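For reference, run.cif (mmCIF, C-alpha atoms):
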```
data_input
#
loop_
_atom_site.label_atom_id
_atom_site.label_comp_id
_atom_site.auth_asym_id
_atom_site.auth_seq_id
_atom_site.Cartn_x
_atom_site.Cartn_y
_atom_site.Cartn_z
CA GLU A 8 79.13 99.93 -35.56
CA ALA A 9 79.11 96.17 -36.15
CA GLN A 10 82.10 95.24 -38.22
CA VAL A 11 85.07 93.03 -38.95
CA THR A 12 88.40 94.84 -38.79
CA GLN A 13 91.60 93.64 -40.41
CA ASN A 14 95.10 95.05 -40.00
CA PRO A 15 97.25 95.89 -41.79
CA ARG A 16 95.28 96.77 -44.91
CA TYR A 17 98.42 96.85 -47.04
CA LEU A 18 101.78 95.22 -46.41
CA ILE A 19 104.92 94.64 -48.41
CA THR A 20 107.38 92.25 -46.83
CA VAL A 21 110.27 89.99 -47.76
CA THR A 22 110.54 86.22 -47.97
CA GLY A 23 110.95 84.58 -44.60
CA LYS A 24 109.99 87.49 -42.38
CA LYS A 25 107.22 86.36 -40.05
CA LEU A 26 104.07 88.42 -40.11
CA THR A 27 100.64 88.43 -38.54
CA VAL A 28 97.43 89.80 -40.00
CA THR A 29 94.96 90.57 -37.26
CA CYS A 30 91.21 90.17 -37.48
CA SER A 31 88.74 91.37 -34.90
CA GLN A 32 84.93 91.35 -34.82
CA ASN A 33 82.57 93.08 -32.40
CA MET A 34 79.42 91.07 -33.13
CA ASN A 35 80.02 88.22 -30.69
CA HIS A 36 80.15 85.78 -33.61
CA GLU A 37 81.26 82.25 -32.90
CA TYR A 38 82.41 81.45 -36.43
CA MET A 39 85.41 83.13 -38.04
CA SER A 40 87.38 82.29 -41.15
CA TRP A 41 90.17 83.44 -43.45
CA TYR A 42 90.21 83.50 -47.26
CA ARG A 43 92.62 84.46 -49.95
CA GLN A 44 91.47 85.95 -53.23
CA ASP A 45 93.53 85.41 -56.35
CA PRO A 46 92.67 86.27 -59.97
CA GLY A 47 91.00 83.37 -61.73
CA LEU A 48 90.81 81.32 -58.53
CA GLY A 49 88.17 83.23 -56.62
CA LEU A 50 88.06 83.02 -52.85
CA ARG A 51 89.72 80.05 -51.19
CA GLN A 52 89.29 79.24 -47.53
CA ILE A 53 92.50 79.01 -45.52
CA TYR A 54 91.32 78.22 -42.00
CA TYR A 55 88.13 78.50 -40.04
CA SER A 56 87.13 78.46 -36.40
CA MET A 57 83.82 77.32 -35.01
CA ASN A 58 84.53 78.76 -31.56
CA VAL A 59 87.30 79.63 -29.10
CA GLU A 60 90.13 77.10 -29.26
CA VAL A 61 88.42 75.26 -32.15
CA THR A 62 90.09 75.68 -35.54
CA ASP A 63 90.19 73.60 -38.70
CA LYS A 64 91.83 73.65 -42.11
CA GLY A 65 90.14 75.01 -45.17
CA ASP A 66 91.19 74.26 -48.72
CA VAL A 67 94.60 76.01 -48.73
CA PRO A 68 96.10 75.92 -45.21
CA GLU A 69 99.73 75.27 -46.17
CA GLY A 70 102.08 78.00 -44.98
CA TYR A 71 99.56 79.54 -42.58
CA LYS A 72 98.72 79.25 -38.91
CA VAL A 73 95.82 80.59 -36.90
CA SER A 74 94.79 80.81 -33.29
CA ARG A 75 91.52 81.54 -31.55
CA LYS A 76 92.22 82.37 -27.93
CA GLU A 77 89.40 84.91 -27.67
CA LYS A 78 86.04 84.99 -29.35
CA ARG A 79 86.58 88.33 -31.03
CA ASN A 80 90.07 87.77 -32.51
CA PHE A 81 91.31 85.38 -35.17
CA PRO A 82 94.83 86.29 -36.33
CA LEU A 83 96.42 84.79 -39.44
CA ILE A 84 100.11 84.01 -39.05
CA LEU A 85 102.61 83.54 -41.85
CA GLU A 86 105.67 82.05 -40.15
CA SER A 87 107.90 82.21 -43.22
CA PRO A 88 106.13 84.05 -46.04
CA SER A 89 106.94 83.18 -49.63
CA PRO A 90 106.12 85.01 -52.88
CA ASN A 91 103.28 82.59 -53.67
CA GLN A 92 101.48 83.96 -50.60
CA THR A 93 101.18 87.34 -52.28
CA SER A 94 97.43 87.80 -52.32
CA LEU A 95 94.40 89.67 -51.05
CA TYR A 96 93.26 88.24 -47.73
CA PHE A 97 89.79 88.45 -46.23
CA CYS A 98 88.62 87.66 -42.75
CA ALA A 99 84.93 86.95 -42.10
CA SER A 100 82.71 86.13 -39.15
CA SER A 101 79.22 84.82 -38.63
CA PHE A 102 76.88 83.21 -36.12
CA ASN A 103 77.01 80.23 -38.46
CA THR A 104 78.32 79.73 -41.99
CA GLY A 105 75.26 81.45 -43.42
CA GLU A 106 75.61 85.19 -43.55
CA LEU A 107 79.29 85.97 -43.41
CA PHE A 108 80.41 89.48 -42.53
CA PHE A 109 83.66 90.30 -44.28
CA GLY A 110 86.50 92.62 -43.46
CA GLU A 111 87.80 95.10 -46.03
CA GLY A 112 90.71 92.90 -47.00
CA SER A 113 94.48 92.96 -46.50
CA ARG A 114 96.68 93.17 -49.56
CA LEU A 115 99.95 91.36 -48.93
CA THR A 116 102.99 91.41 -51.20
CA VAL A 117 105.92 89.10 -50.46
CA LEU A 118 109.12 89.97 -52.33
CA ALA B 24 85.65 66.95 -51.88
CA GLN B 25 83.30 69.83 -52.34
CA ARG B 26 83.61 72.02 -55.40
CA VAL B 27 81.88 75.05 -56.88
CA THR B 28 82.20 76.02 -60.53
CA GLN B 29 81.20 79.30 -62.10
CA PRO B 30 81.89 78.82 -65.79
CA GLU B 31 81.72 82.48 -66.81
CA LYS B 32 84.45 84.84 -65.64
CA LEU B 33 82.79 87.78 -67.39
CA LEU B 34 79.17 88.43 -68.30
CA SER B 35 77.87 91.51 -70.08
CA VAL B 36 74.24 92.44 -70.62
CA PHE B 37 72.28 95.57 -71.42
CA LYS B 38 70.03 97.29 -68.95
CA GLY B 39 66.59 95.70 -68.90
CA ALA B 40 67.78 92.38 -70.28
CA PRO B 41 67.49 89.15 -68.31
CA VAL B 42 70.61 87.88 -66.66
CA GLU B 43 71.64 84.44 -65.44
CA LEU B 44 74.86 83.71 -63.59
CA LYS B 45 75.65 80.02 -63.60
CA CYS B 46 76.81 77.97 -60.64
CA ASN B 47 77.35 74.23 -60.50
CA TYR B 48 78.49 72.32 -57.47
CA SER B 49 79.82 68.96 -56.41
CA TYR B 50 79.04 67.70 -52.93
CA SER B 51 78.20 64.29 -51.56
CA GLY B 52 75.83 65.35 -48.79
CA SER B 53 73.14 68.00 -48.38
CA PRO B 54 74.67 71.37 -49.20
CA GLU B 55 73.83 74.88 -48.22
CA LEU B 56 74.31 77.27 -51.12
CA PHE B 57 74.81 81.00 -51.20
CA TRP B 58 75.39 83.88 -53.54
CA TYR B 59 77.71 86.65 -52.37
CA VAL B 60 78.25 89.96 -54.15
CA GLN B 61 81.02 92.51 -54.12
CA TYR B 62 80.16 95.94 -55.47
CA SER B 63 82.93 98.35 -56.39
CA ARG B 64 84.70 99.67 -53.29
CA GLN B 65 82.42 97.74 -50.95
CA ARG B 66 82.87 94.67 -48.81
CA LEU B 67 81.80 91.26 -49.94
CA GLN B 68 78.24 90.66 -48.71
CA LEU B 69 75.59 87.98 -48.76
CA LEU B 70 73.05 88.37 -51.56
CA LEU B 71 70.91 85.32 -50.89
CA ARG B 72 70.93 81.76 -49.59
CA HIS B 73 68.88 78.90 -50.95
CA ILE B 74 67.48 77.86 -47.59
CA SER B 75 65.66 81.17 -47.11
CA ARG B 76 64.13 81.15 -50.61
CA GLU B 77 64.10 84.95 -50.68
CA SER B 78 64.28 87.34 -53.58
CA ILE B 79 66.84 90.05 -52.94
CA LYS B 80 67.17 93.07 -55.24
CA GLY B 81 65.11 91.17 -57.77
CA PHE B 82 67.51 88.21 -57.84
CA THR B 83 66.39 84.64 -57.29
CA ALA B 84 68.23 81.33 -57.25
CA ASP B 85 66.78 77.85 -57.19
CA LEU B 86 68.65 74.82 -56.00
CA ASN B 87 68.41 72.06 -58.61
CA LYS B 88 69.73 68.92 -56.96
CA GLY B 89 69.31 66.85 -60.10
CA GLU B 90 71.55 69.15 -62.13
CA THR B 91 73.61 70.17 -59.06
CA SER B 92 73.12 73.80 -59.98
CA PHE B 93 72.25 77.03 -58.20
CA HIS B 94 71.99 79.61 -60.96
CA LEU B 95 71.31 83.25 -60.08
CA LYS B 96 68.67 84.99 -62.17
CA LYS B 97 67.16 88.40 -62.58
CA PRO B 98 64.53 89.20 -65.21
CA PHE B 99 65.54 92.83 -65.80
CA ALA B 100 69.14 93.81 -65.10
CA GLN B 101 69.97 97.26 -63.76
CA GLU B 102 73.24 99.19 -64.05
CA GLU B 103 73.68 99.03 -60.28
CA ASP B 104 73.81 95.22 -60.53
CA SER B 105 77.30 95.50 -62.00
CA ALA B 106 79.55 93.69 -59.54
CA MET B 107 81.53 90.52 -58.83
CA TYR B 108 79.30 87.59 -57.88
CA TYR B 109 80.44 84.50 -56.01
CA CYS B 110 78.57 81.27 -55.55
CA ALA B 111 79.47 79.40 -52.35
CA LEU B 112 78.74 76.04 -50.75
CA SER B 113 78.82 74.77 -47.20
CA GLY B 114 77.85 71.56 -45.51
CA ARG B 115 74.64 71.64 -43.51
CA PHE B 116 74.66 72.50 -39.81
CA GLY B 117 75.61 69.44 -37.80
CA GLY B 118 77.34 67.76 -40.71
CA THR B 119 81.01 66.88 -40.89
CA SER B 120 81.91 69.67 -43.28
CA TYR B 121 79.85 72.38 -41.63
CA GLY B 122 82.10 75.42 -41.46
CA LYS B 123 84.10 74.56 -44.54
CA LEU B 124 82.95 77.09 -47.10
CA THR B 125 83.93 76.71 -50.74
CA PHE B 126 83.57 79.58 -53.20
CA GLY B 127 83.50 79.53 -56.96
CA GLN B 128 85.89 81.51 -59.10
CA GLY B 129 83.51 84.44 -59.38
CA THR B 130 81.69 86.12 -62.28
CA ILE B 131 82.06 89.81 -63.09
CA LEU B 132 78.72 91.12 -64.27
CA THR B 133 78.63 94.33 -66.28
CA VAL B 134 75.29 95.91 -67.10
CA HIS B 135 75.54 98.43 -69.90
CA PRO B 136 73.15 101.42 -70.18
#
```
This structure in structure tokens:
Amino acid sequence: EAQVTQNPRYLITVTGKKLTVTCSQNMNHEYMSWYRQDPGLGLRQIYYSMNVEVTDKGDVPEGYKVSRKEKRNFPLILESPSPNQTSLYFCASSFNTGELFFGEGSRLTVL
Amino acid sequence: AQRVTQPEKLLSVFKGAPVELKCNYSYSGSPELFWYVQYSRQRLQLLLRHISRESIKGFTADLNKGETSFHLKKPFAQEEDSAMYYCALSGRFGGTSYGKLTFGQGTILTVHP
């Protein structure tokens, strides 16, 4: 089944403890991106990647890192999480920025 | 900077009534515009994009460059249309901001029986 898979789906962590949210797609998509969803603010793009080893900042990249070493994977790294990074995170992929296929979301709480 | 504004956080209509979800954008070049929908307990998914000029599930949206708007319309709302709707903007393929996708704040549509 064609899909975008994120892990973990739910995570509670503490300030400063590094964490990685993984994202994997099996559709051979070149484009992948990360978003955070917050009440009243909608979806905001964190980072995106046009292809392997090609990444660029979205609207809210501060406090996040990404890497794209393989086409199928696009992990989101929080080196030192803070409470203001508590959010619902979505990964998405596409052949272009047209029809995005989204993961189910990862709900992160930073205490 | 590119920006998308959805002025209504909540919109309620009765079944069979027309519905219009507003979307205004700010972008200096030629944008690509989309509507995405998230039904309860489902993943966010593409509803329609302006470049394809399709009608999906009875919804249409016309790009008005003069008013910088891309409002979503449906003449007769159905209960199953209840969902969160997001308007989104991207730069055109080959442009400098291609890949940077900006979403609006979202509008929750509730269709009452």
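Using all atoms listed in the file, the smallest distance between any of B:Leu86, B:Pro41, B:Pro136, B:Leu71 and chain A comes from B:Leu71.
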Give me the residues within 8 Å of Glu37 in chain A as a PDB file with C-alpha atoms, in the coordinates of the input, counting only C-alpha atoms and dropping any in the same chain fewer than 5 places off.
```pdb
ATOM      1  CA  SER A  56      87.130  78.460 -36.400  1.00  0.00           C
ATOM      2  CA  MET A  57      83.820  77.320 -35.010  1.00  0.00           C
ATOM      3  CA  ASN A  58      84.530  78.760 -31.560  1.00  0.00           C
ATOM      4  CA  VAL A  59      87.300  79.630 -29.100  1.00  0.00           C
ATOM      5  CA  LYS A  78      86.040  84.990 -29.350  1.00  0.00           C
ATOM      6  CA  SER A 100      82.710  86.130 -39.150  1.00  0.00           C
ATOM      7  CA  SER A 101      79.220  84.820 -38.630  1.00  0.00           C
ATOM      8  CA  PHE A 102      76.880  83.210 -36.120  1.00  0.00           C
ATOM      9  CA  ASN A 103      77.010  80.230 -38.460  1.00  0.00           C
TER      10      ASN A 103
END
```
- [ ] For the file shown, report as number ranges by chain the outcome of the PyMOL selection byres ((chain B) within 6 of (chain A)) at residue level.
- [x] B: 66, 69, 122, 126-129
Open item on the list: List as number ranges by chain the protein and nucleic acid residues near Lys45 in chain B, meaning an atom at most 10 Å away when only C-alpha atoms are counted, but skip any in the same chain fewer than 6 places from it.
Closed with: B: 28-31, 84, 92-96, 110, 129-130
Next, write the just-selected residues to a file, as a short mmCIF file (atom, residue, chain, number, x, y, z; two decimals), in the coordinates of the input, keeping C-alpha atoms as the atom set.
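Result written to again-v5.cif:
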```cif
data_model
loop_
_atom_site.label_atom_id
_atom_site.label_comp_id
_atom_site.auth_asym_id
_atom_site.auth_seq_id
_atom_site.Cartn_x
_atom_site.Cartn_y
_atom_site.Cartn_z
CA THR B 28 82.20 76.02 -60.53
CA GLN B 29 81.20 79.30 -62.10
CA PRO B 30 81.89 78.82 -65.79
CA GLU B 31 81.72 82.48 -66.81
CA ALA B 84 68.23 81.33 -57.25
CA SER B 92 73.12 73.80 -59.98
CA PHE B 93 72.25 77.03 -58.20
CA HIS B 94 71.99 79.61 -60.96
CA LEU B 95 71.31 83.25 -60.08
CA LYS B 96 68.67 84.99 -62.17
CA CYS B 110 78.57 81.27 -55.55
CA GLY B 129 83.51 84.44 -59.38
CA THR B 130 81.69 86.12 -62.28
#
```
TODO: Might you spell out which residues the PyMOL selection byres ((chain B and resi 24) around 7) would select in the displayed file, as a list in words?
DONE: Gln25, Arg26 and Tyr50 of chain B
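Closest to Thr116 in chain A among A:Ile19, A:Ile84, A:Leu26, A:Leu95 is A:Ile19, based on all atoms listed in the file.
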TODO: Step by step, work through what the PyMOL selection byres ((chain A and resi 70) around 8) selects in the shown file, and finish by giving those residues as JSON, numbers by chain.
DONE: {"A": [68, 69, 71, 72, 85, 86, 87, 88]}
Box for range 27-38 of chain A: with edges along x, y and z, all listed atoms inside and 4 Å added on each side, what are the centre and edge lengths in Å to one decimal, as AutoDock Vina command-line options?
```
--center_x 90.0 --center_y 87.3 --center_z -35.3 --size_x 29.2 --size_y 19.6 --size_z 17.3
```
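A straight line drawn from CA of Val60 in chain B to CA of Arg114 in chain A is 19.3 Å long.
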TODO: Could you give me, as an MDAnalysis selection string, the residues within 9 Å of Asp104 in chain B, counting all atoms listed in the file and dropping anything in the same chain fewer than 5 positions from it?
DONE: chainID B and resid 62 80 132:134
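Coordinates place CA of Ser105 in chain B at a distance of 12.9 Å from CA of Glu43 in chain B.
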Open item on the list: Show me, as number ranges by chain, the residues that have an atom within 7 Å of Pro82 in chain A when counting all atoms listed in the file, minus same-chain residues fewer than 6 positions from it.
Closed with: A: 27-30, 73-74
Once you have the residues from the selection above, write them out as an mmCIF file, in the coordinates of the input, restricted to C-alpha atoms.
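Printed below is out_19.cif as written:
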```cif
data_model
loop_
_atom_site.group_PDB
_atom_site.id
_atom_site.type_symbol
_atom_site.label_atom_id
_atom_site.label_comp_id
_atom_site.auth_asym_id
_atom_site.auth_seq_id
_atom_site.Cartn_x
_atom_site.Cartn_y
_atom_site.Cartn_z
ATOM 1 C CA THR A 27 100.640 88.430 -38.540
ATOM 2 C CA VAL A 28 97.430 89.800 -40.000
ATOM 3 C CA THR A 29 94.960 90.570 -37.260
ATOM 4 C CA CYS A 30 91.210 90.170 -37.480
ATOM 5 C CA VAL A 73 95.820 80.590 -36.900
ATOM 6 C CA SER A 74 94.790 80.810 -33.290
#
```
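The residues that lie within 12 Å of the point (67.3, 77.6, -48.6), counting only C-alpha atoms, are A:Gly105, B:Ser53, B:Pro54, B:Glu55, B:Leu56, B:Phe57, B:Trp58, B:Leu71, B:Arg72, B:His73, B:Ile74, B:Ser75, B:Arg76, B:Glu77, B:Ser78, B:Thr83, B:Ala84, B:Asp85, B:Leu86, B:Asn87, B:Phe93, B:Leu112, B:Ser113, B:Arg115.
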Open item on the list: Show me, as a PyMOL selection string, the residues that have an atom within 9 Å of Gly81 in chain B when counting all atoms listed in the file, minus same-chain residues fewer than 6 positions from it.
Closed with: chain B and resi 96-100
Open item on the list: Can you measure CA of Gln32 in chain A to CA of Leu118 in chain A for me? One decimal in Å is fine.
Closed with: 29.9 Å
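In terms of minimum interatomic distance to Thr22 in chain A, A:Ser89 ranks closest within A:Ser89, A:Ser113, A:Asn35, A:Ser94, counting only C-alpha atoms.
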Because some atoms of range 79-100 of chain B are absent here, can you restore N, CA and C atoms and send them as a PDB file, in the coordinates of the input?
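Output (part.pdb):
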```pdb
ATOM      1  N   ILE B  79      66.141  88.851 -53.399  1.00  0.00           N
ATOM      2  CA  ILE B  79      66.840  90.050 -52.940  1.00  0.00           C
ATOM      3  C   ILE B  79      67.234  90.885 -54.143  1.00  0.00           C
ATOM      4  N   LYS B  80      66.861  92.149 -54.142  1.00  0.00           N
ATOM      5  CA  LYS B  80      67.170  93.070 -55.240  1.00  0.00           C
ATOM      6  C   LYS B  80      66.711  92.497 -56.576  1.00  0.00           C
ATOM      7  N   GLY B  81      65.666  91.730 -56.542  1.00  0.00           N
ATOM      8  CA  GLY B  81      65.110  91.170 -57.770  1.00  0.00           C
ATOM      9  C   GLY B  81      65.767  89.880 -58.223  1.00  0.00           C
ATOM     10  N   PHE B  82      66.814  89.442 -57.501  1.00  0.00           N
ATOM     11  CA  PHE B  82      67.510  88.210 -57.840  1.00  0.00           C
ATOM     12  C   PHE B  82      66.849  87.009 -57.163  1.00  0.00           C
ATOM     13  N   THR B  83      66.829  85.899 -57.864  1.00  0.00           N
ATOM     14  CA  THR B  83      66.390  84.640 -57.290  1.00  0.00           C
ATOM     15  C   THR B  83      67.375  83.547 -57.696  1.00  0.00           C
ATOM     16  N   ALA B  84      67.389  82.486 -56.920  1.00  0.00           N
ATOM     17  CA  ALA B  84      68.230  81.330 -57.250  1.00  0.00           C
ATOM     18  C   ALA B  84      67.538  80.089 -56.737  1.00  0.00           C
ATOM     19  N   ASP B  85      67.426  79.108 -57.580  1.00  0.00           N
ATOM     20  CA  ASP B  85      66.780  77.850 -57.190  1.00  0.00           C
ATOM     21  C   ASP B  85      67.802  76.736 -57.186  1.00  0.00           C
ATOM     22  N   LEU B  86      67.760  75.968 -56.108  1.00  0.00           N
ATOM     23  CA  LEU B  86      68.650  74.820 -56.000  1.00  0.00           C
ATOM     24  C   LEU B  86      68.074  73.672 -56.807  1.00  0.00           C
ATOM     25  N   ASN B  87      68.813  73.200 -57.786  1.00  0.00           N
ATOM     26  CA  ASN B  87      68.410  72.060 -58.610  1.00  0.00           C
ATOM     27  C   ASN B  87      69.342  70.898 -58.275  1.00  0.00           C
ATOM     28  N   LYS B  88      68.870  70.013 -57.411  1.00  0.00           N
ATOM     29  CA  LYS B  88      69.730  68.920 -56.960  1.00  0.00           C
ATOM     30  C   LYS B  88      70.030  67.926 -58.074  1.00  0.00           C
ATOM     31  N   GLY B  89      69.089  67.787 -59.009  1.00  0.00           N
ATOM     32  CA  GLY B  89      69.310  66.850 -60.100  1.00  0.00           C
ATOM     33  C   GLY B  89      70.453  67.305 -61.010  1.00  0.00           C
ATOM     34  N   GLU B  90      70.497  68.602 -61.276  1.00  0.00           N
ATOM     35  CA  GLU B  90      71.550  69.150 -62.130  1.00  0.00           C
ATOM     36  C   GLU B  90      72.710  69.707 -61.304  1.00  0.00           C
ATOM     37  N   THR B  91      72.613  69.594 -59.993  1.00  0.00           N
ATOM     38  CA  THR B  91      73.610  70.170 -59.060  1.00  0.00           C
ATOM     39  C   THR B  91      73.950  71.603 -59.463  1.00  0.00           C
ATOM     40  N   SER B  92      72.918  72.403 -59.574  1.00  0.00           N
ATOM     41  CA  SER B  92      73.120  73.800 -59.980  1.00  0.00           C
ATOM     42  C   SER B  92      72.388  74.744 -59.028  1.00  0.00           C
ATOM     43  N   PHE B  93      72.851  75.981 -59.024  1.00  0.00           N
ATOM     44  CA  PHE B  93      72.250  77.030 -58.200  1.00  0.00           C
ATOM     45  C   PHE B  93      72.429  78.348 -58.948  1.00  0.00           C
ATOM     46  N   HIS B  94      71.810  78.444 -60.101  1.00  0.00           N
ATOM     47  CA  HIS B  94      71.990  79.610 -60.960  1.00  0.00           C
ATOM     48  C   HIS B  94      71.262  80.829 -60.396  1.00  0.00           C
ATOM     49  N   LEU B  95      71.880  81.979 -60.558  1.00  0.00           N
ATOM     50  CA  LEU B  95      71.310  83.250 -60.080  1.00  0.00           C
ATOM     51  C   LEU B  95      70.651  83.952 -61.264  1.00  0.00           C
ATOM     52  N   LYS B  96      69.422  84.402 -61.057  1.00  0.00           N
ATOM     53  CA  LYS B  96      68.670  84.990 -62.170  1.00  0.00           C
ATOM     54  C   LYS B  96      68.029  86.306 -61.765  1.00  0.00           C
ATOM     55  N   LYS B  97      67.907  87.162 -62.767  1.00  0.00           N
ATOM     56  CA  LYS B  97      67.160  88.400 -62.580  1.00  0.00           C
ATOM     57  C   LYS B  97      66.505  88.729 -63.909  1.00  0.00           C
ATOM     58  N   PRO B  98      65.210  89.010 -63.925  1.00  0.00           N
ATOM     59  CA  PRO B  98      64.530  89.200 -65.210  1.00  0.00           C
ATOM     60  C   PRO B  98      64.905  90.492 -65.940  1.00  0.00           C
ATOM     61  N   PHE B  99      65.228  91.540 -65.173  1.00  0.00           N
ATOM     62  CA  PHE B  99      65.540  92.830 -65.800  1.00  0.00           C
ATOM     63  C   PHE B  99      66.757  93.436 -65.102  1.00  0.00           C
ATOM     64  N   ALA B 100      67.911  93.325 -65.726  1.00  0.00           N
ATOM     65  CA  ALA B 100      69.140  93.810 -65.100  1.00  0.00           C
ATOM     66  C   ALA B 100      69.174  95.335 -65.018  1.00  0.00           C
TER      67      ALA B 100
END
```
